[in-house]
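coords.tsv follows; it contains TSV, C-alpha atoms.
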chain	number	residue	atom	x	y	z
A	291	MET	CA	4.76	-14.20	18.91
A	292	ALA	CA	1.87	-13.76	16.49
A	293	GLN	CA	1.58	-16.54	13.93
A	294	ARG	CA	0.70	-15.93	10.29
A	295	SER	CA	-2.22	-17.80	8.77
A	296	ASP	CA	-3.70	-17.93	5.28
A	297	VAL	CA	-7.23	-16.53	4.99
A	298	SER	CA	-9.47	-15.10	2.29
A	299	PHE	CA	-12.45	-12.78	2.14
A	300	PRO	CA	-15.05	-11.93	-0.50
A	301	SER	CA	-14.85	-8.84	-2.66
A	302	GLY	CA	-17.38	-8.55	-5.46
A	303	GLN	CA	-17.75	-11.96	-7.12
A	304	ASP	CA	-14.23	-13.06	-6.17
A	305	ARG	CA	-12.10	-13.72	-3.12
A	306	CYS	CA	-9.00	-11.88	-2.01
A	307	ALA	CA	-6.16	-13.95	-0.56
A	308	ALA	CA	-4.59	-12.59	2.60
A	309	TRP	CA	-2.15	-13.27	5.39
A	310	LEU	CA	-3.48	-12.70	8.89
A	311	TRP	CA	-1.41	-12.20	12.03
A	312	ARG	CA	-3.39	-12.65	15.26
A	313	PRO	CA	-1.89	-11.32	18.50
A	314	GLU	CA	-1.76	-13.46	21.60
A	315	GLY	CA	-4.64	-13.12	24.03
A	316	ASP	CA	-8.38	-12.80	23.63
A	317	GLY	CA	-8.38	-9.12	22.74
A	318	PRO	CA	-10.04	-7.08	21.50
A	319	HIS	CA	-6.97	-6.06	19.50
A	320	PRO	CA	-6.30	-3.33	16.92
A	321	VAL	CA	-5.77	-4.47	13.33
A	322	VAL	CA	-3.70	-2.90	10.54
A	323	VAL	CA	-5.13	-3.57	7.06
A	324	MET	CA	-2.44	-3.49	4.37
A	325	ALA	CA	-2.01	-3.86	0.61
A	326	HIS	CA	0.84	-3.08	-1.79
A	327	GLY	CA	1.39	-0.57	-4.57
A	328	PHE	CA	1.28	-0.57	-8.36
A	329	SER	CA	1.15	-4.20	-9.59
A	330	ALA	CA	2.95	-5.44	-6.45
A	331	THR	CA	1.91	-8.43	-4.36
A	332	ARG	CA	2.07	-8.99	-0.64
A	333	GLU	CA	5.40	-10.89	-0.58
A	334	LEU	CA	7.32	-7.96	-2.10
A	335	ARG	CA	8.66	-6.78	1.27
A	336	LEU	CA	5.30	-5.64	2.64
A	337	ASP	CA	5.33	-8.75	4.79
A	338	ALA	CA	8.44	-7.33	6.51
A	339	TYR	CA	6.36	-4.38	7.78
A	340	ALA	CA	3.52	-6.70	8.77
A	341	GLU	CA	5.84	-8.90	10.79
A	342	ARG	CA	7.26	-5.89	12.64
A	343	PHE	CA	3.76	-4.62	13.47
A	344	ALA	CA	2.68	-8.09	14.57
A	345	ALA	CA	5.74	-8.42	16.82
A	346	ALA	CA	4.47	-5.35	18.66
A	347	GLY	CA	1.11	-7.01	19.36
A	348	LEU	CA	-0.90	-5.53	16.50
A	349	GLY	CA	-3.18	-7.69	14.41
A	350	VAL	CA	-2.36	-7.43	10.71
A	351	LEU	CA	-4.33	-8.30	7.57
A	352	LEU	CA	-2.15	-8.13	4.43
A	353	PHE	CA	-3.96	-8.93	1.19
A	354	ASP	CA	-3.55	-9.12	-2.59
A	355	TYR	CA	-6.02	-7.20	-4.74
A	356	ARG	CA	-8.34	-9.04	-7.06
A	357	HIS	CA	-6.68	-9.88	-10.40
A	358	PHE	CA	-3.23	-10.02	-8.76
A	359	GLY	CA	-1.06	-12.46	-6.87
A	360	ALA	CA	-2.86	-15.22	-4.98
A	361	SER	CA	-6.29	-13.57	-5.24
A	362	GLU	CA	-9.03	-14.50	-7.66
A	363	GLY	CA	-10.27	-12.27	-10.46
A	364	GLU	CA	-10.29	-12.39	-14.25
A	365	PRO	CA	-8.76	-11.07	-16.37
A	366	ARG	CA	-5.40	-11.27	-14.65
A	367	GLN	CA	-3.28	-8.15	-14.12
A	368	LEU	CA	-6.23	-5.78	-14.38
A	369	LEU	CA	-5.44	-2.72	-12.28
A	370	ASP	CA	-8.74	-0.98	-11.64
A	371	ILE	CA	-8.61	1.82	-9.06
A	372	GLY	CA	-12.28	1.52	-8.12
A	373	ARG	CA	-11.97	-2.23	-7.62
A	374	GLN	CA	-8.89	-1.82	-5.48
A	375	HIS	CA	-10.75	0.67	-3.28
A	376	ALA	CA	-13.56	-1.88	-3.02
A	377	ASP	CA	-11.02	-4.56	-2.03
A	378	PHE	CA	-9.77	-2.32	0.78
A	379	ARG	CA	-13.35	-1.81	1.99
A	380	ALA	CA	-13.95	-5.57	1.86
A	381	ALA	CA	-10.76	-6.17	3.86
A	382	ILE	CA	-11.88	-3.64	6.45
A	383	ARG	CA	-15.25	-5.40	6.80
A	384	TYR	CA	-13.47	-8.71	7.26
A	385	ALA	CA	-11.10	-7.26	9.89
A	386	ARG	CA	-13.97	-5.67	11.82
A	387	GLY	CA	-15.77	-9.02	11.87
A	388	LEU	CA	-12.91	-10.96	13.49
A	389	ASP	CA	-14.01	-12.13	16.93
A	390	TRP	CA	-10.75	-10.95	18.50
A	391	ALA	CA	-10.54	-7.57	16.73
A	392	ASP	CA	-11.63	-4.17	18.02
A	393	PRO	CA	-13.69	-2.67	15.16
A	394	SER	CA	-13.02	0.84	16.48
A	395	ARG	CA	-9.25	0.38	16.11
A	396	ILE	CA	-8.75	-0.52	12.45
A	397	ALA	CA	-5.81	1.24	10.78
A	398	LEU	CA	-4.85	1.34	7.10
A	399	PHE	CA	-1.33	1.06	5.65
A	400	GLY	CA	-0.53	1.80	2.03
A	401	SER	CA	2.71	2.12	0.11
A	402	SER	CA	3.32	3.87	-3.22
A	403	PHE	CA	0.10	3.54	-5.29
A	404	SER	CA	-1.81	2.13	-2.32
A	405	GLY	CA	-0.57	5.08	-0.27
A	406	GLY	CA	-3.13	6.99	-2.29
A	407	HIS	CA	-5.79	4.32	-1.85
A	408	VAL	CA	-5.67	4.43	1.95
A	409	VAL	CA	-6.19	8.19	2.01
A	410	ALA	CA	-9.13	8.00	-0.38
A	411	VAL	CA	-10.76	5.04	1.42
A	412	ALA	CA	-10.28	6.40	4.94
A	413	ALA	CA	-11.71	9.79	3.92
A	414	LYS	CA	-15.05	8.02	3.34
A	415	ASP	CA	-14.97	5.89	6.50
A	416	GLU	CA	-15.21	7.80	9.77
A	417	ARG	CA	-14.48	4.68	11.79
A	418	ILE	CA	-10.90	4.24	10.55
A	419	ALA	CA	-8.61	4.86	13.52
A	420	ALA	CA	-5.34	5.76	11.75
A	421	VAL	CA	-3.66	5.85	8.34
A	422	VAL	CA	-0.05	5.32	7.28
A	423	ALA	CA	0.85	6.38	3.72
A	424	GLN	CA	4.42	5.52	2.70
A	425	CYS	CA	6.20	7.06	-0.34
A	426	PRO	CA	2.59	7.63	-1.40
A	427	PHE	CA	1.15	8.34	-4.81
A	428	GLN	CA	-1.01	11.39	-4.07
A	429	ASP	CA	-1.36	13.34	-7.30
A	430	GLY	CA	-1.33	11.92	-10.81
A	431	LEU	CA	-0.81	15.35	-12.36
A	432	ALA	CA	2.37	15.77	-10.33
A	433	THR	CA	3.60	12.28	-11.24
A	434	LEU	CA	2.93	12.58	-14.97
A	435	PRO	CA	6.06	14.66	-15.81
A	436	LYS	CA	8.20	12.07	-14.00
A	437	LEU	CA	7.16	9.41	-16.51
A	438	GLY	CA	8.66	11.23	-19.50
A	439	VAL	CA	6.90	12.56	-22.60
A	440	LYS	CA	7.87	9.65	-24.88
A	441	ASN	CA	6.74	7.11	-22.31
A	442	VAL	CA	3.46	8.90	-21.67
A	443	VAL	CA	2.67	8.96	-25.39
A	444	GLY	CA	3.50	5.27	-25.80
A	445	LEU	CA	1.47	4.30	-22.74
A	446	THR	CA	-1.49	6.35	-23.96
A	447	VAL	CA	-1.48	4.54	-27.29
A	448	ALA	CA	-1.23	1.18	-25.51
A	449	GLY	CA	-3.99	2.20	-23.12
A	450	LEU	CA	-6.33	3.14	-25.94
A	451	ARG	CA	-5.63	-0.17	-27.66
A	452	ASP	CA	-6.42	-2.06	-24.45
A	453	GLN	CA	-9.55	-0.05	-23.72
A	454	VAL	CA	-10.97	-0.54	-27.22
A	455	GLY	CA	-10.09	-4.22	-27.02
A	456	ALA	CA	-11.94	-4.51	-23.71
A	457	LEU	CA	-15.07	-3.01	-25.29
A	458	LEU	CA	-14.80	-5.63	-28.03
A	459	GLY	CA	-14.38	-8.46	-25.53
A	460	ARG	CA	-10.71	-9.09	-26.22
A	461	PRO	CA	-8.12	-10.18	-23.62
A	462	PRO	CA	-6.14	-7.33	-22.03
A	463	HIS	CA	-3.26	-5.75	-23.89
A	464	THR	CA	-0.56	-5.48	-21.23
A	465	VAL	CA	2.54	-3.37	-20.74
A	466	PRO	CA	5.42	-3.87	-18.28
A	467	ALA	CA	4.85	-2.33	-14.87
A	468	VAL	CA	8.56	-1.57	-14.54
A	469	GLY	CA	11.44	-1.34	-17.00
A	470	PRO	CA	14.76	0.39	-17.70
A	471	PRO	CA	14.93	4.03	-18.83
A	472	GLY	CA	13.84	4.43	-22.42
A	473	SER	CA	11.64	1.35	-22.40
A	474	LEU	CA	7.86	1.35	-22.59
A	475	ALA	CA	6.86	0.67	-19.01
A	476	VAL	CA	4.67	2.43	-16.48
A	477	MET	CA	7.70	2.94	-14.21
A	478	ALA	CA	10.87	3.55	-16.22
A	479	THR	CA	12.83	6.01	-14.07
A	480	PRO	CA	16.52	5.16	-13.47
A	481	ASP	CA	15.83	3.69	-10.03
A	482	ALA	CA	12.61	1.89	-10.92
A	483	GLU	CA	13.77	-1.46	-12.29
A	484	PRO	CA	16.63	-2.13	-9.83
A	485	GLY	CA	14.53	-0.80	-6.95
A	486	PHE	CA	11.53	-2.93	-7.79
A	487	ARG	CA	13.56	-6.04	-8.50
A	488	ALA	CA	15.17	-5.74	-5.05
A	489	LEU	CA	11.74	-6.31	-3.52
A	490	VAL	CA	11.00	-9.54	-5.39
A	491	PRO	CA	11.93	-12.67	-3.40
A	492	PRO	CA	13.97	-15.33	-5.23
A	493	GLU	CA	11.12	-17.83	-4.87
A	494	GLY	CA	7.54	-18.02	-3.68
A	495	THR	CA	6.33	-14.97	-5.58
A	496	ARG	CA	3.28	-14.58	-7.81
A	497	TRP	CA	4.21	-11.10	-9.00
A	498	GLU	CA	4.13	-10.59	-12.77
A	499	ASN	CA	5.77	-7.63	-14.47
A	500	ARG	CA	2.75	-6.57	-16.52
A	501	VAL	CA	-0.53	-4.71	-16.15
A	502	ALA	CA	-3.49	-4.12	-18.43
A	503	ALA	CA	-2.52	-0.96	-20.31
A	504	ARG	CA	-5.86	0.82	-19.79
A	505	ILE	CA	-4.66	2.05	-16.39
A	506	ALA	CA	-2.39	4.46	-18.30
A	507	LEU	CA	-5.50	6.42	-19.29
A	508	ARG	CA	-6.45	6.95	-15.65
A	509	VAL	CA	-3.27	7.58	-13.68
A	510	ALA	CA	-3.07	11.32	-14.40
A	511	LEU	CA	-6.66	11.84	-13.23
A	512	TYR	CA	-6.16	9.92	-9.98
A	513	ARG	CA	-5.48	12.51	-7.27
A	514	PRO	CA	-6.26	10.81	-3.94
A	515	GLY	CA	-4.29	13.39	-1.99
A	516	ARG	CA	-7.17	15.79	-2.44
A	517	ALA	CA	-9.15	13.66	0.01
A	518	ALA	CA	-6.65	14.39	2.81
A	519	ARG	CA	-8.65	17.38	4.01
A	520	ARG	CA	-11.62	15.08	4.68
A	521	LEU	CA	-9.74	12.64	6.91
A	522	ARG	CA	-11.13	12.46	10.44
A	523	CYS	CA	-8.41	10.18	11.82
A	524	PRO	CA	-4.70	10.73	12.51
A	525	ALA	CA	-2.65	10.14	9.36
A	526	LEU	CA	1.10	9.75	8.86
A	527	TRP	CA	2.76	10.52	5.52
A	528	CYS	CA	6.25	9.04	5.16
A	529	VAL	CA	7.72	11.14	2.37
A	530	CYS	CA	10.89	10.41	0.38
A	531	ASP	CA	12.56	13.70	-0.56
A	532	HIS	CA	14.21	12.16	-3.65
A	533	ASP	CA	11.14	10.27	-4.82
A	534	SER	CA	11.28	9.73	-8.58
A	535	LEU	CA	7.61	8.74	-8.91
A	536	ALA	CA	5.63	10.52	-6.17
A	537	PRO	CA	7.07	14.06	-5.93
A	538	ALA	CA	7.66	15.06	-2.33
A	539	GLY	CA	6.45	18.64	-2.75
A	540	ALA	CA	3.00	17.67	-3.98
A	541	THR	CA	2.68	14.97	-1.32
A	542	VAL	CA	3.51	17.37	1.49
A	543	ARG	CA	1.06	19.98	0.20
A	544	HIS	CA	-1.76	17.46	0.32
A	545	ALA	CA	-0.69	16.09	3.71
A	546	GLN	CA	-0.63	19.54	5.28
A	547	ARG	CA	-4.35	19.88	4.55
A	548	ALA	CA	-5.22	16.88	6.72
A	549	PRO	CA	-6.74	18.04	10.03
A	550	ARG	CA	-4.72	15.50	12.01
A	551	GLY	CA	-1.89	14.87	9.59
A	552	GLU	CA	1.75	14.23	10.43
A	553	VAL	CA	4.65	14.25	7.98
A	554	ARG	CA	7.99	12.48	8.31
A	555	ARG	CA	10.54	13.24	5.62
A	556	TYR	CA	13.53	11.11	4.65
A	557	PRO	CA	16.51	11.78	2.32
A	558	LEU	CA	15.61	8.71	0.30
A	559	GLY	CA	14.37	7.57	-3.10
A	560	HIS	CA	11.05	5.90	-3.80
A	561	PHE	CA	12.29	2.30	-3.39
A	562	ASP	CA	14.79	2.86	-0.57
A	563	VAL	CA	12.27	2.58	2.27
A	564	TYR	CA	11.75	-1.17	1.84
A	565	VAL	CA	15.23	-2.44	2.70
A	566	GLY	CA	18.24	-1.98	4.98
A	567	ASP	CA	18.72	0.85	7.45
A	568	ALA	CA	16.10	3.00	5.70
A	569	PHE	CA	13.49	0.32	6.33
A	570	GLU	CA	14.47	0.16	9.99
A	571	GLN	CA	14.12	3.91	10.44
A	572	VAL	CA	10.81	4.20	8.62
A	573	VAL	CA	9.14	1.18	10.20
A	574	ALA	CA	10.16	2.38	13.66
A	575	ASP	CA	8.50	5.76	12.99
A	576	GLN	CA	5.38	4.04	11.70
A	577	LEU	CA	5.17	1.75	14.70
A	578	GLU	CA	5.52	4.67	17.10
A	579	PHE	CA	2.68	6.43	15.30
A	580	LEU	CA	0.41	3.36	15.33
A	581	VAL	CA	1.01	2.63	19.02
A	582	ARG	CA	0.33	6.24	19.91
A	583	HIS	CA	-2.96	6.45	18.05
A	584	LEU	CA	-4.47	2.99	18.41
A	585	ARG	CA	-5.11	3.71	22.07
A	586	PRO	CA	-3.77	0.70	23.99
A	587	THR	CA	-6.20	-0.46	26.67
A	588	ALA	CA	-5.72	-2.49	29.84
A	589	GLN	CA	-6.20	-5.64	27.77
A	590	ASP	CA	-3.36	-4.51	25.52
A	591	ALA	CA	-0.62	-4.47	28.16
A	592	ARG	CA	1.45	-6.88	26.05
A	593	PHE	CA	0.87	-4.65	23.03
A	594	ALA	CA	2.40	-1.65	24.79
A	595	ARG	CA	5.40	-3.62	26.13
A	596	ALA	CA	6.11	-5.32	22.82
A	597	ALA	CA	5.81	-2.05	20.94
A	598	ASP	CA	8.64	-0.54	22.97
A	599	ALA	CA	10.90	-3.42	21.98
A	600	ALA	CA	9.79	-3.58	18.35
A	601	SER	CA	10.28	0.15	17.78
A	602	THR	CA	14.01	-0.30	18.46
A	603	PRO	CA	15.71	-1.30	15.19
A	604	ALA	CA	17.18	-4.77	15.27
A	605	ARG	CA	20.94	-4.81	14.74
A	606	GLY	CA	21.76	-6.05	11.27
A	607	ALA	CA	18.13	-6.53	10.27
A	608	VAL	CA	17.16	-6.16	6.63

Could you spell out this file's structure in structure tokens?
Amino acid sequence: MAQRSDVSFPSGQDRCAAWLWRPEGDGPHPVVVMAHGFSATRELRLDAYAERFAAAGLGVLLFDYRHFGASEGEPRQLLDIGRQHADFRAAIRYARGLDWADPSRIALFGSSFSGGHVVAVAAKDERIAAVVAQCPFQDGLATLPKLGVKNVVGLTVAGLRDQVGALLGRPPHTVPAVGPPGSLAVMATPDAEPGFRALVPPEGTRWENRVAARIALRVALYRPGRAARRLRCPALWCVCDHDSLAPAGATVRHAQRAPRGEVRRYPLGHFDVYVGDAFEQVVADQLEFLVRHLRPTAQDARFARAADAASTPARGAV
């Protein structure tokens, strides 16, 4: 069984904290590089996916972005799309440099907001072997109406205040990442607060429910799904048909433009995929896709055997 270790890697002037699962044997082994969505940190159920992939013999690198969680970076809670893309690229460089990793078999996994990141990053890196984008943010223009007019106006005002303050050297003005309907929060749909809170472990978390408000000025213009047509590698979109934040129709339209794209659709909401039977179904589909496209070699005999077992949902698992 792969053991998890704490590692870090440089990105810009800071270091990103990560968990690394190394498969048994000398390798070379494939590696899945993973990071979470909007404001979320690695312990918010993304480690459950990593552990399932690792049980199948895949190497996994799961990291926190700069400014969040256990990673360095000041000011805290600064969500900068360009920096998060750079963190993914830094993580990929680190994974390719591992002495037991196969640099030609690096896959990317993103969920929600990072489901957009992995499409955008892989579209510019021909060496990425596969992409998994789960309940993915693909089109800010499609998401904008889901946020509600009142909320959009309030977030815009807060974003302008934060942006002007940044130019004047002031600390960030933050807003909640998630809140109940009617509140001023980036995610305030009916399922957002209970869904997000269900991901937060009772202890051992560094997640904070706040982000620098300037991101509100950029979300609508972020349309990573448009990069799907430039993907060279196989890509799997796991789409929630009842997604309250990343509309399924827009996601599927972008995915269908990918030359080697696959789409799996589920009668689920945005936060359902992380827990219970829905998690078991989705992670099994993702594992099947990764095993199929990461090209097991003779040295990966254990990988192929373990993948068969791991793709079968565990009874009663959560």

Report the distance between atom CA of Arg386 of chain A and atom CA of Arg519 of chain A in Å, rounded to one decimal place.
24.9 Å

Which of A:Cys306, A:Ala510, A:Leu558, A:Ala376 sits closest to Cys530 of chain A [using only C-alpha atoms]:
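When distances to Cys530 of chain A are compared using only C-alpha atoms, the smallest one comes from A:Leu558.
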
Contacts of Ala538 of chain A within 10 Å, all atoms listed in the file, excl. fewer than 3 positions in-chain, as a PyMOL selection string:
chain A and resi 425-428+432+528-535+541-543+555-556+560

Keeping only C-alpha atoms, write the selected residues as a PDB file, in the frame of the given file.
ATOM      1  CA  CYS A 425       6.200   7.060  -0.340  1.00  0.00           C
ATOM      2  CA  PRO A 426       2.590   7.630  -1.400  1.00  0.00           C
ATOM      3  CA  PHE A 427       1.150   8.340  -4.810  1.00  0.00           C
ATOM      4  CA  GLN A 428      -1.010  11.390  -4.070  1.00  0.00           C
ATOM      5  CA  ALA A 432       2.370  15.770 -10.330  1.00  0.00           C
ATOM      6  CA  CYS A 528       6.250   9.040   5.160  1.00  0.00           C
ATOM      7  CA  VAL A 529       7.720  11.140   2.370  1.00  0.00           C
ATOM      8  CA  CYS A 530      10.890  10.410   0.380  1.00  0.00           C
ATOM      9  CA  ASP A 531      12.560  13.700  -0.560  1.00  0.00           C
ATOM     10  CA  HIS A 532      14.210  12.160  -3.650  1.00  0.00           C
ATOM     11  CA  ASP A 533      11.140  10.270  -4.820  1.00  0.00           C
ATOM     12  CA  SER A 534      11.280   9.730  -8.580  1.00  0.00           C
ATOM     13  CA  LEU A 535       7.610   8.740  -8.910  1.00  0.00           C
ATOM     14  CA  THR A 541       2.680  14.970  -1.320  1.00  0.00           C
ATOM     15  CA  VAL A 542       3.510  17.370   1.490  1.00  0.00           C
ATOM     16  CA  ARG A 543       1.060  19.980   0.200  1.00  0.00           C
ATOM     17  CA  ARG A 555      10.540  13.240   5.620  1.00  0.00           C
ATOM     18  CA  TYR A 556      13.530  11.110   4.650  1.00  0.00           C
ATOM     19  CA  HIS A 560      11.050   5.900  -3.800  1.00  0.00           C
TER      20      HIS A 560
END

Atom CA of Leu457 of chain A sits from atom CA of Gly430 of chain A at a separation of 24.9 Å

Top pick for closest residue to Gly485 of chain A, considering A:Ala456, A:Leu434, A:Val468, A:Ala380 and counting all atoms listed in the file
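Closest residue, counting all atoms listed in the file: A:Val468.
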
Taking only N, CA and C atoms, show segment 487-509 of chain A of the given structure as a compact mmCIF listing (two decimals), in the first residue's frame.
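That gives us result-v2.txt:
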# COMPACT_ATOMS: atom_id res chain seq x y z
N ARG A 487 -19.66 22.59 3.71
CA ARG A 487 -19.36 22.23 5.10
C ARG A 487 -19.21 20.72 5.28
N ALA A 488 -19.90 19.93 4.46
CA ALA A 488 -19.80 18.48 4.55
C ALA A 488 -18.41 17.98 4.16
N LEU A 489 -17.65 18.80 3.48
CA LEU A 489 -16.30 18.41 3.05
C LEU A 489 -15.25 18.71 4.11
N VAL A 490 -15.57 19.60 5.04
CA VAL A 490 -14.57 20.07 6.00
C VAL A 490 -14.44 19.07 7.14
N PRO A 491 -13.25 18.51 7.37
CA PRO A 491 -13.09 17.56 8.48
C PRO A 491 -13.24 18.25 9.82
N PRO A 492 -13.63 17.51 10.85
CA PRO A 492 -13.85 18.13 12.17
C PRO A 492 -12.59 18.68 12.80
N GLU A 493 -11.42 18.18 12.39
CA GLU A 493 -10.16 18.69 12.91
C GLU A 493 -9.08 18.50 11.84
N GLY A 494 -7.97 19.18 12.04
CA GLY A 494 -6.85 19.03 11.11
C GLY A 494 -7.02 19.77 9.81
N THR A 495 -7.86 20.81 9.79
CA THR A 495 -8.04 21.57 8.56
C THR A 495 -7.47 22.97 8.68
N ARG A 496 -6.94 23.48 7.58
CA ARG A 496 -6.47 24.86 7.52
C ARG A 496 -7.35 25.71 6.61
N TRP A 497 -8.49 25.17 6.22
CA TRP A 497 -9.39 25.93 5.35
C TRP A 497 -9.98 27.11 6.11
N GLU A 498 -10.05 28.25 5.45
CA GLU A 498 -10.70 29.44 5.99
C GLU A 498 -11.79 29.88 5.02
N ASN A 499 -12.92 30.24 5.55
CA ASN A 499 -14.06 30.63 4.71
C ASN A 499 -13.97 32.12 4.33
N ARG A 500 -12.95 32.46 3.57
CA ARG A 500 -12.81 33.83 3.08
C ARG A 500 -11.79 33.85 1.95
N VAL A 501 -12.00 34.78 1.04
CA VAL A 501 -11.06 35.01 -0.07
C VAL A 501 -10.95 36.51 -0.30
N ALA A 502 -9.81 36.93 -0.83
CA ALA A 502 -9.66 38.33 -1.22
C ALA A 502 -10.70 38.65 -2.29
N ALA A 503 -11.47 39.72 -2.08
CA ALA A 503 -12.65 39.98 -2.90
C ALA A 503 -12.34 40.31 -4.35
N ARG A 504 -11.09 40.65 -4.67
CA ARG A 504 -10.77 41.04 -6.05
C ARG A 504 -11.04 39.93 -7.06
N ILE A 505 -11.09 38.67 -6.61
CA ILE A 505 -11.37 37.59 -7.55
C ILE A 505 -12.75 37.76 -8.18
N ALA A 506 -13.66 38.45 -7.47
CA ALA A 506 -15.01 38.66 -8.02
C ALA A 506 -14.99 39.45 -9.32
N LEU A 507 -13.95 40.23 -9.54
CA LEU A 507 -13.84 41.02 -10.77
C LEU A 507 -13.36 40.19 -11.94
N ARG A 508 -12.94 38.95 -11.68
CA ARG A 508 -12.30 38.14 -12.71
C ARG A 508 -13.03 36.85 -13.05
N VAL A 509 -13.94 36.43 -12.19
CA VAL A 509 -14.59 35.13 -12.40
C VAL A 509 -15.35 35.09 -13.72
